[in-house]
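What follows is the content of coords.txt, which has compact mmCIF, N, CA and C atoms and all ligand atoms:
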```txt
# COMPACT_ATOMS: atom_id res chain seq x y z
N MET Z 401 9.25 -1.24 -4.55
CA MET Z 401 8.92 -1.11 -3.13
C MET Z 401 10.05 -1.69 -2.30
N PRO Z 402 10.39 -1.02 -1.20
CA PRO Z 402 11.38 -1.64 -0.29
C PRO Z 402 10.73 -2.86 0.38
N THR Z 403 11.58 -3.74 0.88
CA THR Z 403 11.07 -4.93 1.58
C THR Z 403 10.18 -4.52 2.75
N ILE Z 404 9.07 -5.24 2.91
CA ILE Z 404 8.18 -4.94 4.04
C ILE Z 404 8.49 -5.92 5.16
N GLN Z 405 8.95 -5.37 6.26
CA GLN Z 405 9.29 -6.20 7.42
C GLN Z 405 8.09 -6.38 8.33
N TRP Z 406 7.87 -7.60 8.80
CA TRP Z 406 6.84 -7.80 9.81
C TRP Z 406 7.43 -7.27 11.11
N THR Z 407 6.67 -6.47 11.83
CA THR Z 407 7.15 -5.94 13.11
C THR Z 407 6.10 -6.26 14.19
N GLN Z 408 6.50 -6.09 15.42
CA GLN Z 408 5.60 -6.36 16.55
C GLN Z 408 4.33 -5.51 16.45
N ALA Z 409 4.46 -4.33 15.85
CA ALA Z 409 3.28 -3.44 15.70
C ALA Z 409 2.21 -4.10 14.83
N MET Z 410 2.61 -5.11 14.04
CA MET Z 410 1.66 -5.79 13.17
C MET Z 410 0.99 -6.97 13.88
N SER Z 411 1.47 -7.31 15.06
CA SER Z 411 0.92 -8.48 15.74
C SER Z 411 -0.57 -8.31 16.03
N VAL Z 412 -1.34 -9.36 15.74
CA VAL Z 412 -2.77 -9.34 16.06
C VAL Z 412 -3.05 -10.16 17.32
N GLN Z 413 -1.99 -10.48 18.06
CA GLN Z 413 -2.12 -11.23 19.34
C GLN Z 413 -2.70 -12.62 19.13
N HIS Z 414 -2.41 -13.20 17.97
CA HIS Z 414 -2.89 -14.56 17.67
C HIS Z 414 -1.76 -15.22 16.88
N ASP Z 415 -1.14 -16.23 17.47
CA ASP Z 415 0.09 -16.80 16.89
C ASP Z 415 -0.05 -17.27 15.45
N GLU Z 416 -1.10 -18.04 15.17
CA GLU Z 416 -1.24 -18.57 13.81
C GLU Z 416 -1.48 -17.45 12.80
N LEU Z 417 -2.30 -16.47 13.16
CA LEU Z 417 -2.54 -15.36 12.23
C LEU Z 417 -1.27 -14.53 12.03
N ASP Z 418 -0.49 -14.35 13.08
CA ASP Z 418 0.78 -13.63 12.93
C ASP Z 418 1.71 -14.39 11.98
N ARG Z 419 1.73 -15.71 12.14
CA ARG Z 419 2.59 -16.53 11.29
C ARG Z 419 2.15 -16.40 9.83
N GLN Z 420 0.85 -16.42 9.61
CA GLN Z 420 0.34 -16.30 8.24
C GLN Z 420 0.67 -14.93 7.64
N HIS Z 421 0.55 -13.88 8.45
CA HIS Z 421 0.89 -12.54 7.94
C HIS Z 421 2.37 -12.46 7.58
N GLN Z 422 3.20 -13.11 8.39
CA GLN Z 422 4.64 -13.12 8.09
C GLN Z 422 4.89 -13.83 6.76
N HIS Z 423 4.20 -14.94 6.57
CA HIS Z 423 4.39 -15.69 5.33
C HIS Z 423 3.88 -14.91 4.12
N LEU Z 424 2.78 -14.21 4.29
CA LEU Z 424 2.24 -13.38 3.19
C LEU Z 424 3.24 -12.29 2.79
N LEU Z 425 3.83 -11.64 3.79
CA LEU Z 425 4.79 -10.58 3.48
C LEU Z 425 6.03 -11.17 2.81
N GLU Z 426 6.41 -12.37 3.25
CA GLU Z 426 7.55 -13.05 2.65
C GLU Z 426 7.28 -13.32 1.16
N LEU Z 427 6.09 -13.82 0.86
CA LEU Z 427 5.73 -14.09 -0.55
C LEU Z 427 5.68 -12.80 -1.34
N TYR Z 428 5.12 -11.74 -0.74
CA TYR Z 428 5.06 -10.45 -1.43
C TYR Z 428 6.48 -9.94 -1.69
N ASN Z 429 7.35 -9.99 -0.68
CA ASN Z 429 8.72 -9.47 -0.83
C ASN Z 429 9.48 -10.24 -1.92
N LYS Z 430 9.25 -11.55 -1.97
CA LYS Z 430 9.92 -12.38 -2.98
C LYS Z 430 9.47 -11.97 -4.39
N PHE Z 431 8.17 -11.76 -4.52
CA PHE Z 431 7.59 -11.35 -5.80
C PHE Z 431 8.12 -9.97 -6.20
N ASP Z 432 8.10 -9.04 -5.27
CA ASP Z 432 8.52 -7.67 -5.57
C ASP Z 432 10.01 -7.62 -5.91
N ASP Z 433 10.79 -8.39 -5.17
CA ASP Z 433 12.23 -8.43 -5.41
C ASP Z 433 12.52 -9.01 -6.79
N ALA Z 434 11.80 -10.07 -7.16
CA ALA Z 434 12.01 -10.68 -8.48
C ALA Z 434 11.63 -9.70 -9.59
N ALA Z 435 10.56 -8.94 -9.38
CA ALA Z 435 10.14 -7.95 -10.38
C ALA Z 435 11.21 -6.86 -10.50
N GLN Z 436 11.73 -6.45 -9.36
CA GLN Z 436 12.77 -5.41 -9.35
C GLN Z 436 14.03 -5.86 -10.08
N ARG Z 437 14.30 -7.17 -9.98
CA ARG Z 437 15.48 -7.72 -10.64
C ARG Z 437 15.23 -8.01 -12.11
N GLY Z 438 14.03 -7.69 -12.56
CA GLY Z 438 13.73 -7.85 -13.99
C GLY Z 438 13.50 -9.28 -14.43
N ARG Z 439 13.01 -10.13 -13.52
CA ARG Z 439 12.70 -11.52 -13.90
C ARG Z 439 11.57 -11.54 -14.92
N GLY Z 440 11.51 -12.63 -15.68
CA GLY Z 440 10.53 -12.74 -16.77
C GLY Z 440 9.09 -12.77 -16.26
N TRP Z 441 8.17 -12.36 -17.11
CA TRP Z 441 6.77 -12.25 -16.69
C TRP Z 441 6.17 -13.60 -16.31
N ARG Z 442 6.63 -14.69 -16.96
CA ARG Z 442 6.07 -16.00 -16.62
C ARG Z 442 6.38 -16.37 -15.17
N GLU Z 443 7.63 -16.11 -14.78
CA GLU Z 443 8.04 -16.41 -13.41
C GLU Z 443 7.24 -15.55 -12.42
N LEU Z 444 7.08 -14.28 -12.76
CA LEU Z 444 6.34 -13.37 -11.89
C LEU Z 444 4.87 -13.78 -11.81
N HIS Z 445 4.35 -14.25 -12.94
CA HIS Z 445 2.97 -14.69 -13.00
C HIS Z 445 2.76 -15.89 -12.07
N THR Z 446 3.72 -16.81 -12.07
CA THR Z 446 3.65 -17.98 -11.18
C THR Z 446 3.72 -17.55 -9.71
N MET Z 447 4.63 -16.63 -9.42
CA MET Z 447 4.78 -16.17 -8.04
C MET Z 447 3.51 -15.47 -7.56
N LEU Z 448 2.93 -14.72 -8.45
CA LEU Z 448 1.69 -14.02 -8.13
C LEU Z 448 0.57 -15.04 -7.87
N GLY Z 449 0.61 -16.15 -8.61
CA GLY Z 449 -0.37 -17.22 -8.39
C GLY Z 449 -0.24 -17.80 -6.99
N GLU Z 450 1.02 -18.00 -6.56
CA GLU Z 450 1.25 -18.53 -5.19
C GLU Z 450 0.74 -17.55 -4.16
N LEU Z 451 1.01 -16.28 -4.40
CA LEU Z 451 0.57 -15.24 -3.48
C LEU Z 451 -0.96 -15.19 -3.44
N GLU Z 452 -1.56 -15.33 -4.58
CA GLU Z 452 -3.03 -15.30 -4.65
C GLU Z 452 -3.63 -16.50 -3.90
N ASP Z 453 -3.07 -17.68 -4.12
CA ASP Z 453 -3.57 -18.88 -3.43
C ASP Z 453 -3.45 -18.74 -1.91
N TYR Z 454 -2.27 -18.27 -1.49
CA TYR Z 454 -2.07 -18.17 -0.04
C TYR Z 454 -2.93 -17.07 0.56
N THR Z 455 -3.16 -16.03 -0.21
CA THR Z 455 -4.04 -14.94 0.23
C THR Z 455 -5.44 -15.48 0.53
N ARG Z 456 -5.97 -16.30 -0.39
CA ARG Z 456 -7.30 -16.89 -0.19
C ARG Z 456 -7.33 -17.79 1.03
N GLU Z 457 -6.26 -18.58 1.16
CA GLU Z 457 -6.17 -19.48 2.30
C GLU Z 457 -6.19 -18.68 3.61
N HIS Z 458 -5.38 -17.63 3.64
CA HIS Z 458 -5.30 -16.79 4.83
C HIS Z 458 -6.64 -16.12 5.12
N PHE Z 459 -7.25 -15.54 4.11
CA PHE Z 459 -8.53 -14.86 4.33
C PHE Z 459 -9.57 -15.85 4.87
N GLY Z 460 -9.59 -17.04 4.31
CA GLY Z 460 -10.54 -18.05 4.76
C GLY Z 460 -10.32 -18.39 6.23
N PHE Z 461 -9.06 -18.57 6.59
CA PHE Z 461 -8.74 -18.92 7.98
C PHE Z 461 -9.10 -17.76 8.92
N GLU Z 462 -8.67 -16.56 8.52
CA GLU Z 462 -8.92 -15.38 9.36
C GLU Z 462 -10.42 -15.16 9.56
N GLU Z 463 -11.18 -15.28 8.49
CA GLU Z 463 -12.63 -15.08 8.59
C GLU Z 463 -13.28 -16.13 9.49
N GLY Z 464 -12.73 -17.36 9.47
CA GLY Z 464 -13.23 -18.41 10.35
C GLY Z 464 -12.99 -18.07 11.81
N VAL Z 465 -11.79 -17.55 12.10
CA VAL Z 465 -11.46 -17.17 13.47
C VAL Z 465 -12.37 -16.02 13.92
N LEU Z 466 -12.56 -15.05 13.04
CA LEU Z 466 -13.39 -13.88 13.40
C LEU Z 466 -14.85 -14.26 13.57
N ALA Z 467 -15.33 -15.18 12.72
CA ALA Z 467 -16.73 -15.62 12.83
C ALA Z 467 -16.93 -16.37 14.14
N ALA Z 468 -15.97 -17.24 14.48
CA ALA Z 468 -16.08 -18.01 15.71
C ALA Z 468 -16.08 -17.09 16.93
N ALA Z 469 -15.34 -15.98 16.81
CA ALA Z 469 -15.27 -15.04 17.94
C ALA Z 469 -16.39 -14.01 17.88
N ARG Z 470 -17.27 -14.15 16.90
CA ARG Z 470 -18.40 -13.23 16.70
C ARG Z 470 -17.95 -11.77 16.58
N TYR Z 471 -16.99 -11.54 15.72
CA TYR Z 471 -16.48 -10.18 15.49
C TYR Z 471 -17.59 -9.31 14.89
N GLU Z 472 -17.82 -8.15 15.49
CA GLU Z 472 -18.99 -7.35 15.09
C GLU Z 472 -18.82 -6.71 13.71
N ASP Z 473 -17.60 -6.55 13.25
CA ASP Z 473 -17.39 -5.87 11.96
C ASP Z 473 -16.99 -6.87 10.87
N LEU Z 474 -17.41 -8.12 11.05
CA LEU Z 474 -16.98 -9.20 10.14
C LEU Z 474 -17.35 -8.93 8.68
N GLU Z 475 -18.57 -8.46 8.44
CA GLU Z 475 -19.02 -8.28 7.06
C GLU Z 475 -18.15 -7.28 6.31
N HIS Z 476 -17.88 -6.16 6.95
CA HIS Z 476 -17.03 -5.14 6.34
C HIS Z 476 -15.63 -5.70 6.09
N HIS Z 477 -15.12 -6.43 7.07
CA HIS Z 477 -13.77 -6.99 6.92
C HIS Z 477 -13.72 -7.98 5.75
N CYS Z 478 -14.76 -8.81 5.64
CA CYS Z 478 -14.82 -9.77 4.53
C CYS Z 478 -14.89 -9.03 3.18
N ASN Z 479 -15.61 -7.92 3.14
CA ASN Z 479 -15.69 -7.16 1.90
C ASN Z 479 -14.32 -6.67 1.45
N LEU Z 480 -13.53 -6.23 2.41
CA LEU Z 480 -12.17 -5.77 2.07
C LEU Z 480 -11.37 -6.93 1.47
N HIS Z 481 -11.52 -8.10 2.05
CA HIS Z 481 -10.82 -9.28 1.54
C HIS Z 481 -11.27 -9.60 0.12
N ARG Z 482 -12.59 -9.59 -0.11
CA ARG Z 482 -13.13 -9.92 -1.46
C ARG Z 482 -12.60 -8.93 -2.49
N GLN Z 483 -12.51 -7.65 -2.10
CA GLN Z 483 -12.01 -6.63 -3.04
C GLN Z 483 -10.59 -6.97 -3.50
N LEU Z 484 -9.74 -7.34 -2.55
CA LEU Z 484 -8.36 -7.65 -2.94
C LEU Z 484 -8.32 -8.91 -3.80
N GLU Z 485 -9.12 -9.90 -3.46
CA GLU Z 485 -9.14 -11.14 -4.25
C GLU Z 485 -9.51 -10.83 -5.71
N ARG Z 486 -10.51 -9.98 -5.90
CA ARG Z 486 -10.91 -9.63 -7.27
C ARG Z 486 -9.79 -8.90 -7.99
N LYS Z 487 -9.14 -7.99 -7.27
CA LYS Z 487 -8.06 -7.21 -7.85
C LYS Z 487 -6.89 -8.12 -8.25
N LEU Z 488 -6.56 -9.06 -7.39
CA LEU Z 488 -5.44 -9.97 -7.67
C LEU Z 488 -5.74 -10.83 -8.90
N ALA Z 489 -6.98 -11.34 -8.97
CA ALA Z 489 -7.34 -12.19 -10.11
C ALA Z 489 -7.29 -11.40 -11.40
N ALA Z 490 -7.81 -10.17 -11.38
CA ALA Z 490 -7.81 -9.33 -12.58
C ALA Z 490 -6.38 -8.98 -12.97
N PHE Z 491 -5.56 -8.70 -11.98
CA PHE Z 491 -4.19 -8.31 -12.28
C PHE Z 491 -3.38 -9.46 -12.88
N ARG Z 492 -3.63 -10.67 -12.39
CA ARG Z 492 -2.91 -11.82 -12.96
C ARG Z 492 -3.26 -11.99 -14.43
N GLU Z 493 -4.51 -11.75 -14.78
CA GLU Z 493 -4.90 -11.85 -16.19
C GLU Z 493 -4.19 -10.78 -17.01
N GLU Z 494 -4.10 -9.61 -16.41
CA GLU Z 494 -3.42 -8.49 -17.09
C GLU Z 494 -1.95 -8.80 -17.34
N VAL Z 495 -1.31 -9.40 -16.34
CA VAL Z 495 0.12 -9.74 -16.46
C VAL Z 495 0.31 -10.70 -17.63
N ALA Z 496 -0.59 -11.68 -17.74
CA ALA Z 496 -0.48 -12.66 -18.83
C ALA Z 496 -0.73 -11.99 -20.17
N ALA Z 497 -1.67 -11.05 -20.22
CA ALA Z 497 -2.01 -10.39 -21.49
C ALA Z 497 -0.93 -9.40 -21.91
N ASP Z 498 -0.45 -8.60 -20.96
CA ASP Z 498 0.54 -7.55 -21.29
C ASP Z 498 1.97 -8.04 -21.19
N ARG Z 499 2.15 -9.19 -20.56
CA ARG Z 499 3.48 -9.77 -20.34
C ARG Z 499 4.41 -8.84 -19.57
N ARG Z 500 3.84 -8.18 -18.60
CA ARG Z 500 4.67 -7.35 -17.72
C ARG Z 500 3.94 -7.05 -16.42
N VAL Z 501 4.74 -6.69 -15.41
CA VAL Z 501 4.19 -6.31 -14.10
C VAL Z 501 4.50 -4.85 -13.89
N THR Z 502 3.48 -4.05 -13.66
CA THR Z 502 3.73 -2.62 -13.51
C THR Z 502 4.21 -2.27 -12.09
N VAL Z 503 4.98 -1.20 -12.01
CA VAL Z 503 5.47 -0.70 -10.73
C VAL Z 503 4.27 -0.28 -9.88
N GLU Z 504 3.26 0.29 -10.54
CA GLU Z 504 2.07 0.76 -9.83
C GLU Z 504 1.38 -0.39 -9.09
N PHE Z 505 1.28 -1.53 -9.76
CA PHE Z 505 0.60 -2.63 -9.09
C PHE Z 505 1.42 -3.14 -7.91
N ARG Z 506 2.73 -3.23 -8.10
CA ARG Z 506 3.58 -3.70 -6.98
C ARG Z 506 3.42 -2.77 -5.79
N ALA Z 507 3.41 -1.47 -6.06
CA ALA Z 507 3.27 -0.49 -4.98
C ALA Z 507 1.89 -0.62 -4.33
N PHE Z 508 0.87 -0.78 -5.16
CA PHE Z 508 -0.49 -0.92 -4.64
C PHE Z 508 -0.57 -2.12 -3.69
N LEU Z 509 -0.01 -3.24 -4.15
CA LEU Z 509 -0.11 -4.48 -3.38
C LEU Z 509 0.66 -4.38 -2.06
N GLY Z 510 1.85 -3.82 -2.11
CA GLY Z 510 2.64 -3.65 -0.90
C GLY Z 510 1.94 -2.74 0.09
N TYR Z 511 1.40 -1.65 -0.44
CA TYR Z 511 0.70 -0.70 0.42
C TYR Z 511 -0.55 -1.36 1.00
N TRP Z 512 -1.26 -2.13 0.18
CA TRP Z 512 -2.49 -2.77 0.65
C TRP Z 512 -2.21 -3.66 1.85
N TRP Z 513 -1.19 -4.53 1.71
CA TRP Z 513 -0.90 -5.46 2.80
C TRP Z 513 -0.48 -4.74 4.07
N GLN Z 514 0.38 -3.75 3.88
CA GLN Z 514 0.86 -3.03 5.04
C GLN Z 514 -0.30 -2.36 5.77
N SER Z 515 -1.14 -1.68 5.03
CA SER Z 515 -2.21 -0.94 5.70
C SER Z 515 -3.30 -1.89 6.20
N HIS Z 516 -3.52 -3.00 5.50
CA HIS Z 516 -4.55 -3.92 5.98
C HIS Z 516 -4.14 -4.56 7.31
N ILE Z 517 -2.90 -5.02 7.37
CA ILE Z 517 -2.44 -5.67 8.61
C ILE Z 517 -2.32 -4.65 9.75
N LEU Z 518 -1.83 -3.47 9.41
CA LEU Z 518 -1.60 -2.46 10.45
C LEU Z 518 -2.87 -1.75 10.91
N GLU Z 519 -3.86 -1.68 10.04
CA GLU Z 519 -5.07 -0.95 10.44
C GLU Z 519 -6.27 -1.88 10.62
N HIS Z 520 -6.70 -2.52 9.54
CA HIS Z 520 -7.93 -3.30 9.62
C HIS Z 520 -7.79 -4.57 10.46
N ASP Z 521 -6.67 -5.27 10.32
CA ASP Z 521 -6.50 -6.45 11.15
C ASP Z 521 -6.29 -6.04 12.62
N GLN Z 522 -5.68 -4.87 12.81
CA GLN Z 522 -5.52 -4.37 14.19
C GLN Z 522 -6.87 -4.10 14.84
N ASP Z 523 -7.85 -3.71 14.04
CA ASP Z 523 -9.17 -3.43 14.60
C ASP Z 523 -9.76 -4.66 15.28
N TYR Z 524 -9.66 -5.82 14.59
CA TYR Z 524 -10.21 -7.02 15.24
C TYR Z 524 -9.32 -7.47 16.40
N ALA Z 525 -8.00 -7.27 16.23
CA ALA Z 525 -7.09 -7.68 17.31
C ALA Z 525 -7.44 -6.92 18.59
N LYS Z 526 -7.68 -5.62 18.45
CA LYS Z 526 -8.00 -4.80 19.63
C LYS Z 526 -9.31 -5.26 20.24
N SER Z 527 -10.28 -5.55 19.38
CA SER Z 527 -11.58 -5.88 19.96
C SER Z 527 -11.66 -7.34 20.45
N LEU Z 528 -10.87 -8.24 19.86
CA LEU Z 528 -10.99 -9.66 20.26
C LEU Z 528 -9.85 -10.22 21.10
N PHE Z 529 -8.63 -9.83 20.75
CA PHE Z 529 -7.48 -10.52 21.36
C PHE Z 529 -6.59 -9.64 22.22
N SER Z 530 -7.00 -8.42 22.43
CA SER Z 530 -6.14 -7.51 23.17
C SER Z 530 -5.92 -8.04 24.59
N ALA Z 531 -4.64 -8.02 25.02
CA ALA Z 531 -4.28 -8.60 26.31
C ALA Z 531 -4.85 -7.82 27.48
N ASP Z 532 -5.18 -6.54 27.25
CA ASP Z 532 -5.61 -5.73 28.39
C ASP Z 532 -7.14 -5.69 28.57
N ASP Z 533 -7.83 -6.63 27.92
CA ASP Z 533 -9.29 -6.59 28.11
C ASP Z 533 -9.81 -7.74 28.98
N GLY Z 534 -8.93 -8.28 29.76
CA GLY Z 534 -9.39 -9.33 30.65
C GLY Z 534 -8.44 -10.51 30.65
N ASP Z 535 -8.96 -11.68 30.96
CA ASP Z 535 -8.07 -12.81 31.17
C ASP Z 535 -8.28 -13.92 30.14
N HIS Z 536 -8.89 -13.57 28.99
CA HIS Z 536 -9.15 -14.64 28.04
C HIS Z 536 -7.89 -15.05 27.26
N GLU Z 537 -7.92 -16.25 26.71
CA GLU Z 537 -6.78 -16.78 25.98
C GLU Z 537 -7.04 -16.72 24.49
N THR Z 538 -5.98 -16.64 23.71
CA THR Z 538 -6.17 -16.64 22.25
C THR Z 538 -5.96 -18.05 21.74
FE FE H 601 -7.86 -9.21 7.19
FE FE H 602 -5.00 -10.83 7.81
```
Please express what this file holds, its structure, as structure tokens.
Amino acid sequence: MPTIQWTQAMSVQHDELDRQHQHLLELYNKFDDAAQRGRGWRELHTMLGELEDYTREHFGFEEGVLAAARYEDLEHHCNLHRQLERKLAAFREEVAADRRVTVEFRAFLGYWWQSHILEHDQDYAKSLFSADDGDHET
């Protein structure tokens, strides 16, 4: 996968969440780049662990913000998060068992983050933090 750049189009109009998304993409890019360079599976497994930990941290924080703001689609959004968490955990086990990281998984993960931030996270941004819906602060 080519490097995924955070762009203004990904902004959810919330500074801390934007910062976390940037850090997530950074961790993903580091992992993908190391895989592309043919680094050993143990190193990739460790990097994936960091990505998994930070993913959980981010999801927890994001869900807290959305719950506090009474986001109407919170349950569906949480389900999407749980699905990725399960996938990441299963994939890490696979990496340890097969001692390799597949191109398919890297592509899946890159695509997941890009589309989640650009589509699903945008949904809450539009409904909660959009600058043109009044005078509230984020
Ligand atoms: Fe999300
Ligand atoms: Fe997010």
Counting only C-alpha atoms and all ligand atoms, figure out which residue out of Z:Glu426, Z:Asp433, Z:Asp521, Z:Glu504 gets nearest to ligand FE 602 (chain H).
->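 Comparing Z:Glu426, Z:Asp433, Z:Asp521, Z:Glu504 against ligand FE 602 (chain H), the winner is Z:Asp521.
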Sorted by chain and rising residue number, list the residues of chain Z at most 6.5 Å from ligand FE 602 (chain H) (counting all atoms listed in the file), each with its closest atom pair and distance in Å to one decimal, as a Markdown table.
```
| residue | atom | partner | partner_atom | distance |
| --- | --- | --- | --- | --- |
| Z:His421 | CA | H:FE602 | FE | 6.1 |
| Z:His458 | C | H:FE602 | FE | 6.2 |
| Z:Phe459 | CA | H:FE602 | FE | 6.4 |
| Z:Glu462 | CA | H:FE602 | FE | 6.2 |
| Z:His516 | C | H:FE602 | FE | 6.3 |
| Z:Ile517 | CA | H:FE602 | FE | 5.8 |
| Z:Asp521 | CA | H:FE602 | FE | 5.7 |
```
Mind writing the picked residues with N, CA and C atoms as a PDB file, in the frame of the given file?
```
ATOM      1  N   HIS Z 421       0.550 -13.880   8.450  1.00  0.00           N
ATOM      2  CA  HIS Z 421       0.890 -12.540   7.940  1.00  0.00           C
ATOM      3  C   HIS Z 421       2.370 -12.460   7.580  1.00  0.00           C
ATOM      4  N   HIS Z 458      -5.380 -17.630   3.640  1.00  0.00           N
ATOM      5  CA  HIS Z 458      -5.300 -16.790   4.830  1.00  0.00           C
ATOM      6  C   HIS Z 458      -6.640 -16.120   5.120  1.00  0.00           C
ATOM      7  N   PHE Z 459      -7.250 -15.540   4.110  1.00  0.00           N
ATOM      8  CA  PHE Z 459      -8.530 -14.860   4.330  1.00  0.00           C
ATOM      9  C   PHE Z 459      -9.570 -15.850   4.870  1.00  0.00           C
ATOM     10  N   GLU Z 462      -8.670 -16.560   8.520  1.00  0.00           N
ATOM     11  CA  GLU Z 462      -8.920 -15.380   9.360  1.00  0.00           C
ATOM     12  C   GLU Z 462     -10.420 -15.160   9.560  1.00  0.00           C
ATOM     13  N   HIS Z 516      -3.520  -3.000   5.500  1.00  0.00           N
ATOM     14  CA  HIS Z 516      -4.550  -3.920   5.980  1.00  0.00           C
ATOM     15  C   HIS Z 516      -4.140  -4.560   7.310  1.00  0.00           C
ATOM     16  N   ILE Z 517      -2.900  -5.020   7.370  1.00  0.00           N
ATOM     17  CA  ILE Z 517      -2.440  -5.670   8.610  1.00  0.00           C
ATOM     18  C   ILE Z 517      -2.320  -4.650   9.750  1.00  0.00           C
ATOM     19  N   ASP Z 521      -6.670  -5.270  10.320  1.00  0.00           N
ATOM     20  CA  ASP Z 521      -6.500  -6.450  11.150  1.00  0.00           C
ATOM     21  C   ASP Z 521      -6.290  -6.040  12.620  1.00  0.00           C
TER      22      ASP Z 521
END
```
Contacts to ligand FE 601 (chain H) at 10 Å cut-off (only C-alpha atoms and all ligand atoms) as number ranges by chain = Z: 417, 421, 455, 458-463, 466, 474, 477-481, 513, 516-524
Do you know which residues lie at most 10 Å from (5.0, -15.4, -10.2), with coordinates as in the file and only C-alpha atoms counted, and could you write them as a PyMOL selection string?
-> chain Z and resi 427+430-432+434-435+439-452+492+495+501
Rounded to one decimal place, report the atom C of Ala489 (chain Z)-atom N of Asp453 (chain Z) distance in Å.
->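 Computing it gives 10.5 Å between the two atoms.
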Top pick for closest residue to Leu528 (chain Z), considering Z:Pro402, Z:Tyr428, Z:Met410, Z:Arg470 and counting only C-alpha atoms =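 Distance minimum relative to Leu528 (chain Z) lands on Z:Arg470.
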From Z:Leu484, Z:Ile404, Z:Val465, Z:Val503, residue lying nearest Leu425 (chain Z) [all atoms listed in the file] |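 For Leu425 (chain Z), the nearest of the candidates is Z:Ile404.
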Distance CA of Arg456 (chain Z)-atom N of Gln436 (chain Z), one decimal place?
-> 23.6 Å
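Considering the residues Z:Gln422, Z:Ser527, Z:Ala468, Z:Asp498 and counting only N, CA and C atoms, Thr407 (chain Z) has its shortest atom-to-atom contact with Z:Gln422.
As for atom N of Glu475 (chain Z) and atom N of Glu416 (chain Z), they are spaced 21.0 Å apart.
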Where in region 445-534 of chain Z does DSSP assign alpha helix (DSSP H), given as an MDAnalysis selection string?
-> chainID Z and resid 445:468 474:498 503:515 521:524
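Of the residues listed (Z:Trp406, Z:Tyr471, Z:Phe505, Z:Phe529), Z:Phe505 shows the shortest atom-to-atom separation from Leu488 (chain Z); distances use only C-alpha atoms.
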Around all the atoms of region 460-467 of chain Z listed in the file, draw an axis-aligned box and extend it by 4 Å on each of the six sides; I want its centre and edge lengths in Å to one decimal, as AutoDock Vina command-line options.
```
--center_x -12.8 --center_y -16.4 --center_z 9.2 --size_x 16.3 --size_y 13.0 --size_z 17.8
```
